[in-house]
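Structure data (PDB, C-alpha atoms and all ligand atoms) from target28.pdb:
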ATOM      1  CA  MET A   1       0.000   0.000   0.000  1.00  0.00           C
ATOM      2  CA  ASN A   2       1.063   3.582  -0.680  1.00  0.00           C
ATOM      3  CA  GLU A   3       3.031   4.902   2.351  1.00  0.00           C
ATOM      4  CA  LYS A   4       0.824   7.974   2.729  1.00  0.00           C
ATOM      5  CA  ILE A   5      -2.356   5.917   2.657  1.00  0.00           C
ATOM      6  CA  LYS A   6      -0.881   3.641   5.311  1.00  0.00           C
ATOM      7  CA  LYS A   7      -0.051   6.636   7.492  1.00  0.00           C
ATOM      8  CA  TYR A   8      -3.527   8.072   6.939  1.00  0.00           C
ATOM      9  CA  TYR A   9      -5.029   4.795   8.142  1.00  0.00           C
ATOM     10  CA  GLU A  10      -2.770   4.707  11.205  1.00  0.00           C
ATOM     11  CA  LEU A  11      -3.816   8.219  12.193  1.00  0.00           C
ATOM     12  CA  PHE A  12      -7.426   7.331  11.601  1.00  0.00           C
ATOM     13  CA  GLU A  13      -7.115   4.254  13.816  1.00  0.00           C
ATOM     14  CA  LYS A  14      -5.511   6.319  16.577  1.00  0.00           C
ATOM     15  CA  TRP A  15      -8.185   9.040  16.500  1.00  0.00           C
ATOM     16  CA  ASN A  16     -11.055   6.639  15.977  1.00  0.00           C
ATOM     17  CA  ALA A  17     -10.251   4.922  19.272  1.00  0.00           C
ATOM     18  CA  LYS A  18     -11.196   8.191  21.018  1.00  0.00           C
ATOM     19  CA  MET A  19     -13.885   9.601  18.757  1.00  0.00           C
ATOM     20  CA  ASN A  20     -16.205   8.066  16.281  1.00  0.00           C
ATOM     21  CA  LEU A  21     -14.928   9.268  12.901  1.00  0.00           C
ATOM     22  CA  MET A  22     -16.076   6.389  10.734  1.00  0.00           C
ATOM     23  CA  SER A  23     -17.307   2.879  11.426  1.00  0.00           C
ATOM     24  CA  ILE A  24     -14.282   1.054  10.098  1.00  0.00           C
ATOM     25  CA  SER A  25     -12.678  -1.707  12.120  1.00  0.00           C
ATOM     26  CA  SER A  26      -9.712  -2.939  10.110  1.00  0.00           C
ATOM     27  CA  GLU A  27      -7.180  -1.838   7.550  1.00  0.00           C
ATOM     28  CA  ALA A  28      -8.681  -4.270   5.035  1.00  0.00           C
ATOM     29  CA  GLU A  29     -12.085  -2.667   5.474  1.00  0.00           C
ATOM     30  CA  PHE A  30     -10.548   0.793   5.106  1.00  0.00           C
ATOM     31  CA  VAL A  31      -8.904  -0.261   1.850  1.00  0.00           C
ATOM     32  CA  ASP A  32     -12.057  -1.826   0.429  1.00  0.00           C
ATOM     33  CA  LYS A  33     -14.607   0.776   1.508  1.00  0.00           C
ATOM     34  CA  HIS A  34     -12.509   3.894   1.072  1.00  0.00           C
ATOM     35  CA  VAL A  35      -9.310   3.447  -0.905  1.00  0.00           C
ATOM     36  CA  LYS A  36     -10.767   1.190  -3.612  1.00  0.00           C
ATOM     37  CA  ASP A  37     -13.918   3.285  -3.798  1.00  0.00           C
ATOM     38  CA  VAL A  38     -11.956   6.481  -4.391  1.00  0.00           C
ATOM     39  CA  GLU A  39      -9.688   4.753  -6.927  1.00  0.00           C
ATOM     40  CA  LYS A  40     -12.784   4.319  -9.101  1.00  0.00           C
ATOM     41  CA  LEU A  41     -13.151   8.068  -9.235  1.00  0.00           C
ATOM     42  CA  ILE A  42      -9.606   8.912 -10.292  1.00  0.00           C
ATOM     43  CA  PRO A  43      -9.971   8.236 -14.070  1.00  0.00           C
ATOM     44  CA  TYR A  44     -12.665  10.923 -14.250  1.00  0.00           C
ATOM     45  CA  LEU A  45     -10.401  13.612 -12.833  1.00  0.00           C
ATOM     46  CA  LYS A  46      -7.903  13.783 -15.689  1.00  0.00           C
ATOM     47  CA  GLU A  47      -8.606  17.410 -16.585  1.00  0.00           C
ATOM     48  CA  VAL A  48      -9.381  18.598 -13.068  1.00  0.00           C
ATOM     49  CA  LYS A  49      -7.098  21.140 -11.384  1.00  0.00           C
ATOM     50  CA  THR A  50      -9.229  22.311  -8.462  1.00  0.00           C
ATOM     51  CA  LEU A  51     -11.678  20.229  -6.468  1.00  0.00           C
ATOM     52  CA  VAL A  52     -13.929  20.676  -3.452  1.00  0.00           C
ATOM     53  CA  ASP A  53     -15.186  17.768  -1.339  1.00  0.00           C
ATOM     54  CA  LEU A  54     -18.447  18.663   0.426  1.00  0.00           C
ATOM     55  CA  GLY A  55     -19.180  16.891   3.731  1.00  0.00           C
ATOM     56  CA  SER A  56     -15.748  15.357   3.717  1.00  0.00           C
ATOM     57  CA  GLY A  57     -16.045  13.695   7.140  1.00  0.00           C
ATOM     58  CA  ALA A  58     -12.699  12.166   8.034  1.00  0.00           C
ATOM     59  CA  GLY A  59     -11.416  13.148   4.582  1.00  0.00           C
ATOM     60  CA  VAL A  60     -13.105  10.811   2.129  1.00  0.00           C
ATOM     61  CA  PRO A  61     -12.815  11.209  -0.745  1.00  0.00           C
ATOM     62  CA  GLY A  62     -10.841  14.510  -0.575  1.00  0.00           C
ATOM     63  CA  ILE A  63      -7.701  13.401   1.278  1.00  0.00           C
ATOM     64  CA  LEU A  64      -7.427  10.191  -0.741  1.00  0.00           C
ATOM     65  CA  ILE A  65      -7.791  12.159  -3.980  1.00  0.00           C
ATOM     66  CA  LYS A  66      -4.961  14.446  -2.834  1.00  0.00           C
ATOM     67  CA  ILE A  67      -2.743  11.423  -2.121  1.00  0.00           C
ATOM     68  CA  MET A  68      -3.585   9.703  -5.414  1.00  0.00           C
ATOM     69  CA  LYS A  69      -3.489  12.863  -7.532  1.00  0.00           C
ATOM     70  CA  PRO A  70      -1.141  15.288  -5.745  1.00  0.00           C
ATOM     71  CA  LYS A  71      -1.396  17.994  -8.405  1.00  0.00           C
ATOM     72  CA  VAL A  72      -5.090  18.608  -7.825  1.00  0.00           C
ATOM     73  CA  ASP A  73      -5.732  21.535  -5.501  1.00  0.00           C
ATOM     74  CA  VAL A  74      -8.187  20.172  -2.908  1.00  0.00           C
ATOM     75  CA  THR A  75     -10.585  21.928  -0.513  1.00  0.00           C
ATOM     76  CA  LEU A  76     -12.518  19.992   2.139  1.00  0.00           C
ATOM     77  CA  VAL A  77     -15.726  21.409   3.613  1.00  0.00           C
ATOM     78  CA  GLU A  78     -16.968  19.688   6.762  1.00  0.00           C
ATOM     79  CA  ALA A  79     -19.537  20.818   9.347  1.00  0.00           C
ATOM     80  CA  THR A  80     -18.215  18.883  12.362  1.00  0.00           C
ATOM     81  CA  ARG A  81     -15.276  20.548  14.079  1.00  0.00           C
ATOM     82  CA  LYS A  82     -13.575  17.373  15.340  1.00  0.00           C
ATOM     83  CA  LYS A  83     -13.574  15.872  11.858  1.00  0.00           C
ATOM     84  CA  VAL A  84     -11.977  19.042  10.478  1.00  0.00           C
ATOM     85  CA  SER A  85      -9.329  18.814  13.243  1.00  0.00           C
ATOM     86  CA  PHE A  86      -8.607  15.248  12.198  1.00  0.00           C
ATOM     87  CA  CYS A  87      -8.245  16.292   8.542  1.00  0.00           C
ATOM     88  CA  GLU A  88      -5.884  19.098   9.605  1.00  0.00           C
ATOM     89  CA  GLU A  89      -3.800  16.572  11.521  1.00  0.00           C
ATOM     90  CA  VAL A  90      -3.603  14.285   8.473  1.00  0.00           C
ATOM     91  CA  VAL A  91      -2.559  17.187   6.249  1.00  0.00           C
ATOM     92  CA  ARG A  92       0.175  18.158   8.744  1.00  0.00           C
ATOM     93  CA  SER A  93       1.477  14.663   9.398  1.00  0.00           C
ATOM     94  CA  LEU A  94       1.511  13.569   5.777  1.00  0.00           C
ATOM     95  CA  LYS A  95       2.920  16.952   4.696  1.00  0.00           C
ATOM     96  CA  LEU A  96       0.225  17.296   2.061  1.00  0.00           C
ATOM     97  CA  LYS A  97       0.343  20.514   0.048  1.00  0.00           C
ATOM     98  CA  GLU A  98      -2.443  22.516  -1.591  1.00  0.00           C
ATOM     99  CA  ILE A  99      -5.180  20.994   0.513  1.00  0.00           C
ATOM    100  CA  LEU A 100      -7.348  23.053   2.816  1.00  0.00           C
ATOM    101  CA  PRO A 101      -9.800  21.639   5.360  1.00  0.00           C
ATOM    102  CA  ILE A 102     -12.548  24.153   6.166  1.00  0.00           C
ATOM    103  CA  TRP A 103     -14.990  24.016   9.055  1.00  0.00           C
ATOM    104  CA  GLY A 104     -18.306  25.153   7.645  1.00  0.00           C
ATOM    105  CA  ARG A 105     -21.625  24.257   6.141  1.00  0.00           C
ATOM    106  CA  ALA A 106     -21.614  23.704   2.410  1.00  0.00           C
ATOM    107  CA  GLU A 107     -24.817  25.673   1.837  1.00  0.00           C
ATOM    108  CA  ASP A 108     -23.461  28.740   3.637  1.00  0.00           C
ATOM    109  CA  GLU A 109     -23.721  31.626   1.158  1.00  0.00           C
ATOM    110  CA  GLY A 110     -20.657  33.412   2.543  1.00  0.00           C
ATOM    111  CA  LEU A 111     -18.579  30.255   2.207  1.00  0.00           C
ATOM    112  CA  MET A 112     -19.768  29.700  -1.354  1.00  0.00           C
ATOM    113  CA  ARG A 113     -18.867  33.219  -2.360  1.00  0.00           C
ATOM    114  CA  GLY A 114     -15.560  33.102  -0.537  1.00  0.00           C
ATOM    115  CA  LEU A 115     -14.388  29.855  -2.076  1.00  0.00           C
ATOM    116  CA  GLY A 116     -15.307  30.675  -5.674  1.00  0.00           C
ATOM    117  CA  ALA A 117     -15.670  28.104  -8.438  1.00  0.00           C
ATOM    118  CA  PHE A 118     -13.999  24.692  -8.769  1.00  0.00           C
ATOM    119  CA  GLY A 119     -13.200  22.427 -11.689  1.00  0.00           C
ATOM    120  CA  ALA A 120     -14.868  19.568  -9.821  1.00  0.00           C
ATOM    121  CA  VAL A 121     -17.212  19.198  -6.865  1.00  0.00           C
ATOM    122  CA  VAL A 122     -17.440  15.805  -5.210  1.00  0.00           C
ATOM    123  CA  SER A 123     -19.261  14.261  -2.279  1.00  0.00           C
ATOM    124  CA  ARG A 124     -19.919  10.828  -0.825  1.00  0.00           C
ATOM    125  CA  ALA A 125     -22.652   9.784   1.602  1.00  0.00           C
ATOM    126  CA  THR A 126     -23.963  13.244   2.410  1.00  0.00           C
ATOM    127  CA  TRP A 127     -27.227  14.561   0.947  1.00  0.00           C
ATOM    128  CA  ASP A 128     -29.707  12.905  -1.381  1.00  0.00           C
ATOM    129  CA  LEU A 129     -28.814  13.522  -5.007  1.00  0.00           C
ATOM    130  CA  LYS A 130     -31.197  16.429  -5.614  1.00  0.00           C
ATOM    131  CA  LYS A 131     -30.085  18.395  -2.570  1.00  0.00           C
ATOM    132  CA  TYR A 132     -26.448  17.658  -3.359  1.00  0.00           C
ATOM    133  CA  LEU A 133     -26.760  18.870  -6.940  1.00  0.00           C
ATOM    134  CA  MET A 134     -28.491  22.063  -5.820  1.00  0.00           C
ATOM    135  CA  ILE A 135     -25.511  22.812  -3.568  1.00  0.00           C
ATOM    136  CA  ALA A 136     -22.769  21.418  -5.811  1.00  0.00           C
ATOM    137  CA  ASP A 137     -23.937  23.444  -8.810  1.00  0.00           C
ATOM    138  CA  ARG A 138     -23.109  26.593  -6.863  1.00  0.00           C
ATOM    139  CA  TYR A 139     -19.495  25.498  -6.392  1.00  0.00           C
ATOM    140  CA  ALA A 140     -18.864  24.297  -9.940  1.00  0.00           C
ATOM    141  CA  ASP A 141     -17.163  26.358 -12.584  1.00  0.00           C
ATOM    142  CA  GLY A 142     -18.731  26.549 -16.067  1.00  0.00           C
ATOM    143  CA  GLY A 143     -17.672  23.370 -17.856  1.00  0.00           C
ATOM    144  CA  GLY A 144     -16.788  21.801 -14.487  1.00  0.00           C
ATOM    145  CA  LEU A 145     -17.978  18.531 -12.955  1.00  0.00           C
ATOM    146  CA  CYS A 146     -20.362  17.724 -10.116  1.00  0.00           C
ATOM    147  CA  ILE A 147     -19.641  14.175  -9.003  1.00  0.00           C
ATOM    148  CA  ALA A 148     -21.836  12.112  -6.686  1.00  0.00           C
ATOM    149  CA  MET A 149     -20.524   8.926  -5.054  1.00  0.00           C
ATOM    150  CA  LYS A 150     -23.630   6.924  -4.277  1.00  0.00           C
ATOM    151  CA  GLY A 151     -24.871   3.662  -2.847  1.00  0.00           C
ATOM    152  CA  SER A 152     -27.376   1.213  -4.309  1.00  0.00           C
ATOM    153  CA  ARG A 153     -30.311   3.679  -4.229  1.00  0.00           C
ATOM    154  CA  TRP A 154     -28.707   5.823  -6.896  1.00  0.00           C
ATOM    155  CA  SER A 155     -31.211   5.200  -9.708  1.00  0.00           C
ATOM    156  CA  GLU A 156     -34.136   6.054  -7.439  1.00  0.00           C
ATOM    157  CA  GLU A 157     -32.399   9.249  -6.363  1.00  0.00           C
ATOM    158  CA  LEU A 158     -31.710  10.083  -9.973  1.00  0.00           C
ATOM    159  CA  ARG A 159     -35.410   9.783 -10.765  1.00  0.00           C
ATOM    160  CA  GLU A 160     -36.296  11.978  -7.811  1.00  0.00           C
ATOM    161  CA  ALA A 161     -33.797  14.598  -8.971  1.00  0.00           C
ATOM    162  CA  GLY A 162     -34.976  14.371 -12.597  1.00  0.00           C
ATOM    163  CA  GLU A 163     -37.064  17.515 -12.659  1.00  0.00           C
ATOM    164  CA  PHE A 164     -34.363  19.593 -11.006  1.00  0.00           C
ATOM    165  CA  ILE A 165     -31.680  18.281 -13.374  1.00  0.00           C
ATOM    166  CA  GLU A 166     -33.900  19.025 -16.369  1.00  0.00           C
ATOM    167  CA  LYS A 167     -34.186  22.673 -15.372  1.00  0.00           C
ATOM    168  CA  SER A 168     -30.593  23.047 -14.232  1.00  0.00           C
ATOM    169  CA  ASP A 169     -27.422  23.719 -16.180  1.00  0.00           C
ATOM    170  CA  LEU A 170     -26.171  20.218 -15.295  1.00  0.00           C
ATOM    171  CA  ASP A 171     -26.022  17.260 -17.675  1.00  0.00           C
ATOM    172  CA  LEU A 172     -25.479  13.672 -16.599  1.00  0.00           C
ATOM    173  CA  ILE A 173     -22.520  12.597 -18.719  1.00  0.00           C
ATOM    174  CA  GLU A 174     -21.450   9.345 -17.084  1.00  0.00           C
ATOM    175  CA  THR A 175     -22.786   6.667 -14.747  1.00  0.00           C
ATOM    176  CA  SER A 176     -20.539   3.943 -13.429  1.00  0.00           C
ATOM    177  CA  GLU A 177     -21.876   1.165 -11.239  1.00  0.00           C
ATOM    178  CA  TYR A 178     -19.577  -1.216  -9.390  1.00  0.00           C
ATOM    179  CA  LYS A 179     -19.325  -3.486  -6.385  1.00  0.00           C
ATOM    180  CA  LEU A 180     -16.883  -3.291  -3.516  1.00  0.00           C
ATOM    181  CA  GLU A 181     -15.109  -6.516  -2.551  1.00  0.00           C
ATOM    182  CA  GLY A 182     -17.504  -6.924   0.365  1.00  0.00           C
ATOM    183  CA  GLY A 183     -20.338  -6.980  -2.189  1.00  0.00           C
ATOM    184  CA  GLU A 184     -21.705  -3.494  -1.458  1.00  0.00           C
ATOM    185  CA  LYS A 185     -23.109  -1.760  -4.537  1.00  0.00           C
ATOM    186  CA  ARG A 186     -21.779   1.672  -5.367  1.00  0.00           C
ATOM    187  CA  ALA A 187     -22.111   4.143  -8.210  1.00  0.00           C
ATOM    188  CA  ILE A 188     -20.429   7.261  -9.471  1.00  0.00           C
ATOM    189  CA  LEU A 189     -22.602   9.817 -11.246  1.00  0.00           C
ATOM    190  CA  ILE A 190     -20.885  12.567 -13.168  1.00  0.00           C
ATOM    191  CA  PHE A 191     -22.639  15.758 -14.166  1.00  0.00           C
ATOM    192  CA  LYS A 192     -21.130  18.471 -16.278  1.00  0.00           C
ATOM    193  CA  LYS A 193     -22.087  22.087 -15.801  1.00  0.00           C
ATOM    194  CA  ALA A 194     -22.757  24.080 -18.940  1.00  0.00           C
ATOM    195  CA  LEU A 195     -20.365  26.855 -19.799  1.00  0.00           C
ATOM    196  CA  LEU A 196     -21.879  30.197 -18.896  1.00  0.00           C
ATOM    197  CA  GLN A 197     -21.418  31.518 -22.401  1.00  0.00           C
ATOM    198  CA  PRO A 198     -20.540  29.525 -25.470  1.00  0.00           C
ATOM    199  CA  PRO A 199     -16.997  30.293 -26.636  1.00  0.00           C
ATOM    200  CA  GLU A 200     -17.010  33.135 -29.140  1.00  0.00           C
ATOM    201  CA  LYS A 201     -16.753  32.185 -32.745  1.00  0.00           C
ATOM    202  CA  GLU A 202     -13.950  33.753 -34.746  1.00  0.00           C
TER
HETATM  203  N1  LIG B 301     -17.839  11.922   2.904  1.00  0.00           N
HETATM  204  C1  LIG B 301     -17.487  11.170   4.097  1.00  0.00           C
HETATM  205  C2  LIG B 301     -18.428  11.467   5.265  1.00  0.00           C
HETATM  206  C3  LIG B 301     -19.871  11.114   5.046  1.00  0.00           C
HETATM  207  S1  LIG B 301     -20.877  11.381   6.479  1.00  0.00           S
HETATM  208  C4  LIG B 301     -17.449   9.692   3.772  1.00  0.00           C
HETATM  209  O1  LIG B 301     -17.955   9.293   2.754  1.00  0.00           O
HETATM  210  O2  LIG B 301     -16.904   8.935   4.571  1.00  0.00           O
HETATM  211  C5  LIG B 301     -21.550  12.976   6.111  1.00  0.00           C
HETATM  212  C6  LIG B 301     -20.659  14.092   6.570  1.00  0.00           C
HETATM  213  O3  LIG B 301     -21.205  15.316   6.100  1.00  0.00           O
HETATM  214  C7  LIG B 301     -20.568  14.202   8.082  1.00  0.00           C
HETATM  215  O4  LIG B 301     -19.211  14.250   8.455  1.00  0.00           O
HETATM  216  C8  LIG B 301     -21.277  15.505   8.411  1.00  0.00           C
HETATM  217  O5  LIG B 301     -20.700  16.186   9.514  1.00  0.00           O
HETATM  218  C9  LIG B 301     -21.101  16.290   7.127  1.00  0.00           C
HETATM  219  N2  LIG B 301     -22.147  17.296   6.855  1.00  0.00           N
HETATM  220  C10 LIG B 301     -23.479  17.179   7.065  1.00  0.00           C
HETATM  221  N3  LIG B 301     -24.123  18.294   6.659  1.00  0.00           N
HETATM  222  C11 LIG B 301     -23.157  19.136   6.189  1.00  0.00           C
HETATM  223  C12 LIG B 301     -23.184  20.444   5.642  1.00  0.00           C
HETATM  224  N4  LIG B 301     -24.327  21.096   5.503  1.00  0.00           N
HETATM  225  N5  LIG B 301     -22.022  20.997   5.242  1.00  0.00           N
HETATM  226  C13 LIG B 301     -20.844  20.334   5.382  1.00  0.00           C
HETATM  227  N6  LIG B 301     -20.767  19.093   5.913  1.00  0.00           N
HETATM  228  C14 LIG B 301     -21.900  18.496   6.308  1.00  0.00           C
END
Please express what this file holds, its structure, as C-alpha cells.
Ligand code: SAH
Amino acid sequence: MNEKIKKYYELFEKWNAKMNLMSISSEAEFVDKHVKDVEKLIPYLKEVKTLVDLGSGAGVPGILIKIMKPKVDVTLVEATRKKVSFCEEVVRSLKLKEILPIWGRAEDEGLMRGLGAFGAVVSRATWDLKKYLMIADRYADGGGLCIAMKGSRWSEELREAGEFIEKSDLDLIETSEYKLEGGEKRAILIFKKALLQPPEKE
C-alpha cells in the first residue's frame, strides 16, 4: 500500500479509538470501503485542477484524492469541528500541500462566495442527489464537474432529482456502477455544468 495511505489509516485508527470518525474496524475494510472506492473516481479527474469535497467527514474522498493525484488543488468542507481537526492533523502529518480543510456548512452563502468556483465538486454519503446537486452546482465552474458517489439507491435518487436536473445547467454525462469486494453496490454519477457563455466564434 502507498506509504501515505498507510499513514492516513494509522492516524485514523488512533483518533477513531477516542472519537467516532467512521465505522471502520480494520485496515482491510478501510482499503475496500474507502481506498478502492476512491480509486474508481480517479480516471474521471484527468482534466481537473481544483476540487472541493463537500461533507468530507474524516477526509473521504478529498484526502485520498490528494494522495492519489497530488497535483489537484483540494478543498474539504466539513460541518463537524472534530472531523476538520482530524483532517488538519492528516494534512500536517503527511505533509500534504495545496489541501485546505474548512470548518463550515456547504450551503453557507458566505462560504460559497468566498471559495469561488472549482473544476470539480465531489461528495460521498452526504445529501440525497437532488439536494447535493443544488448545492454542488453553486461550487462548480462553467464546464466543471459535479460528481456524486452513491450507494445502491442511486437510480431512485436520480429519478427523484430528474425535474431539477432538467431545469438546471447540469447534464449527466457518465454513470458507473460497481461493487466493492464486500459486495456493497456503489455508483459514481458525473454531471457536467454548462459553460456560462458559449466560446465566441472567430
Ligand atoms: N464523505 C465522508 C463522510 C460522510 S458522512 C465519507 O464518505 O466517509 C456525512 C458528513 O457530512 C458528516 O461528516 C457531516 O458532519 C457532514 N455534513 C453534514 N451536513 C453538512 C453540511 N451542511 N455541510 C458540510 N458538511 C456536512
Completion exercise
Counting only C-alpha atoms and all ligand atoms, closest pick from A:Glu47, A:Glu174, A:Asp108, A:Glu29 relative to ligand LIG 301 (chain B) is A:Asp108
Practice task
Find the residue from A:Cys146, A:Ala28, A:Leu11, A:Leu21 that sits nearest to A:Leu180; use only C-alpha atoms when measuring.
Solution key: A:Ala28
For the contact check between chain A and ligand LIG 301 (chain B), emit one row per residue of chain A within 7 Å, containing the shortest atom pair and the distance in Å rounded to one decimal, counting only C-alpha atoms and all ligand atoms, chain then rising number order, as a tab-separated table.
residue	atom	partner	partner_atom	distance
A:Met22	CA	B:LIG301	O2	6.7
A:Leu54	CA	B:LIG301	C13	5.8
A:Gly55	CA	B:LIG301	N6	3.5
A:Ser56	CA	B:LIG301	N1	4.1
A:Gly57	CA	B:LIG301	O4	3.5
A:Ala58	CA	B:LIG301	C1	6.3
A:Gly59	CA	B:LIG301	C1	6.4
A:Val60	CA	B:LIG301	C4	4.8
A:Pro61	CA	B:LIG301	N1	6.3
A:Val77	CA	B:LIG301	C13	5.5
A:Glu78	CA	B:LIG301	N6	3.9
A:Ala79	CA	B:LIG301	N6	4.0
A:Thr80	CA	B:LIG301	O5	4.6
A:Lys83	CA	B:LIG301	O4	6.8
A:Gly104	CA	B:LIG301	C13	5.9
A:Arg105	CA	B:LIG301	N5	3.4
A:Ala106	CA	B:LIG301	N5	3.9
A:Glu107	CA	B:LIG301	N4	5.9
A:Ser123	CA	B:LIG301	N1	5.9
A:Arg124	CA	B:LIG301	O1	4.4
A:Ala125	CA	B:LIG301	C3	4.6
A:Thr126	CA	B:LIG301	C5	4.4
Exercise for the section: Find the spatial neighbours of A:Arg153, counting only C-alpha atoms, within a cut-off of 12 Å - ignore same-chain residues fewer than 5 positions away - and output them as a count of residues only. Expected result: 12
Practice task
Would you mind listing what lies within 9 Å of stretch 32-46 of chain A as a list in words, with all atoms listed in the file counted and same-chain residues fewer than 6 positions away left out?
Solution key: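 Residues near the query, excluding close chain neighbours: Ile5, Ile24, Val60, Pro61, Gly62, Leu64, Ile65, Met68, Lys69, Val72, Ala120, Ile147, Met149, Ser176, Tyr178, Leu180, Glu181, Gly182, Glu184, Arg186, Ile188 and Ile190 of chain A.
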Practice task
Quick one: apply the PyMOL selection byres (((chain A and resi 88-92) around 12) and not hetatm) to the file and drop the selected residues here as a VMD selection string.
Solution key: chain A and resid 4 to 15 57 to 60 62 to 64 66 to 67 74 to 78 81 to 87 93 to 103
What are the centre and the three edge lengths of an axis-aligned box that wraps all atoms of stretch 89-100 of chain A in the file, given that 5 Å is added to every side, written as lines of an AutoDock Vina configuration file and rounded to one decimal in Å?
center_x = -2.2
center_y = 18.3
center_z = 5.0
size_x = 20.3
size_y = 19.5
size_z = 23.1
Fill in the blank from the handout: Using all atoms listed in the file, the shortest atom-to-atom distance to A:Glu27 among A:Ile165, A:Val122, A:Ala140, A:Met1 belongs to A:Met1
Problem - Nearest residue to A:Gly110 from the set A:Tyr139, A:Leu196, A:Lys131, A:Glu163 (distances using only C-alpha atoms) - result: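 Nearest candidate to A:Gly110 out of A:Tyr139, A:Leu196, A:Lys131, A:Glu163: A:Tyr139.
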Skip A:Phe118 itself and residues of its chain fewer than 3 positions away, then list as a compact mmCIF listing (two decimals) with C-alpha atoms, keeping the file's coordinate frame all residues within 9 Å of it, counting only C-alpha atoms.
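After the write, around-v2.txt holds the following:
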# COMPACT_ATOMS: atom_id res chain seq x y z
CA VAL A 48 -9.38 18.60 -13.07
CA LYS A 49 -7.10 21.14 -11.38
CA THR A 50 -9.23 22.31 -8.46
CA LEU A 51 -11.68 20.23 -6.47
CA VAL A 52 -13.93 20.68 -3.45
CA LEU A 115 -14.39 29.86 -2.08
CA VAL A 121 -17.21 19.20 -6.86
CA TYR A 139 -19.50 25.50 -6.39
CA ALA A 140 -18.86 24.30 -9.94
CA ASP A 141 -17.16 26.36 -12.58
CA GLY A 142 -18.73 26.55 -16.07
CA GLY A 144 -16.79 21.80 -14.49
CA LEU A 145 -17.98 18.53 -12.96
Exercise for the section: For atom CA of A:Phe30 and atom CA of A:Leu189, determine how far apart the two atoms are, in Å to one decimal place. Expected result: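 Interatomic distance here is 22.2 Å.
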Practice task
Find the distance between atom CA of A:Ile135 and atom CA of A:Asn20 and write it in Å to one decimal.
Solution key: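 Interatomic distance here is 26.4 Å.
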Exercise for the section: Please indicate the distance in Å from atom CA of A:Lys150 to atom CA of A:Lys130, rounded to one decimal place. Expected result: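 Those two atoms sit 12.2 Å apart.
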Practice task
Would you please work out which residue, of A:Leu170, A:Met19, A:Ala161, A:Val31, is nearest to A:Ala136 when using all atoms listed in the file?
Solution key: A:Leu170
Problem - Nearest candidate to A:Glu157 (options A:Gly114, A:Ala194, A:Glu200, A:Leu133; using only C-alpha atoms) - result: A:Leu133
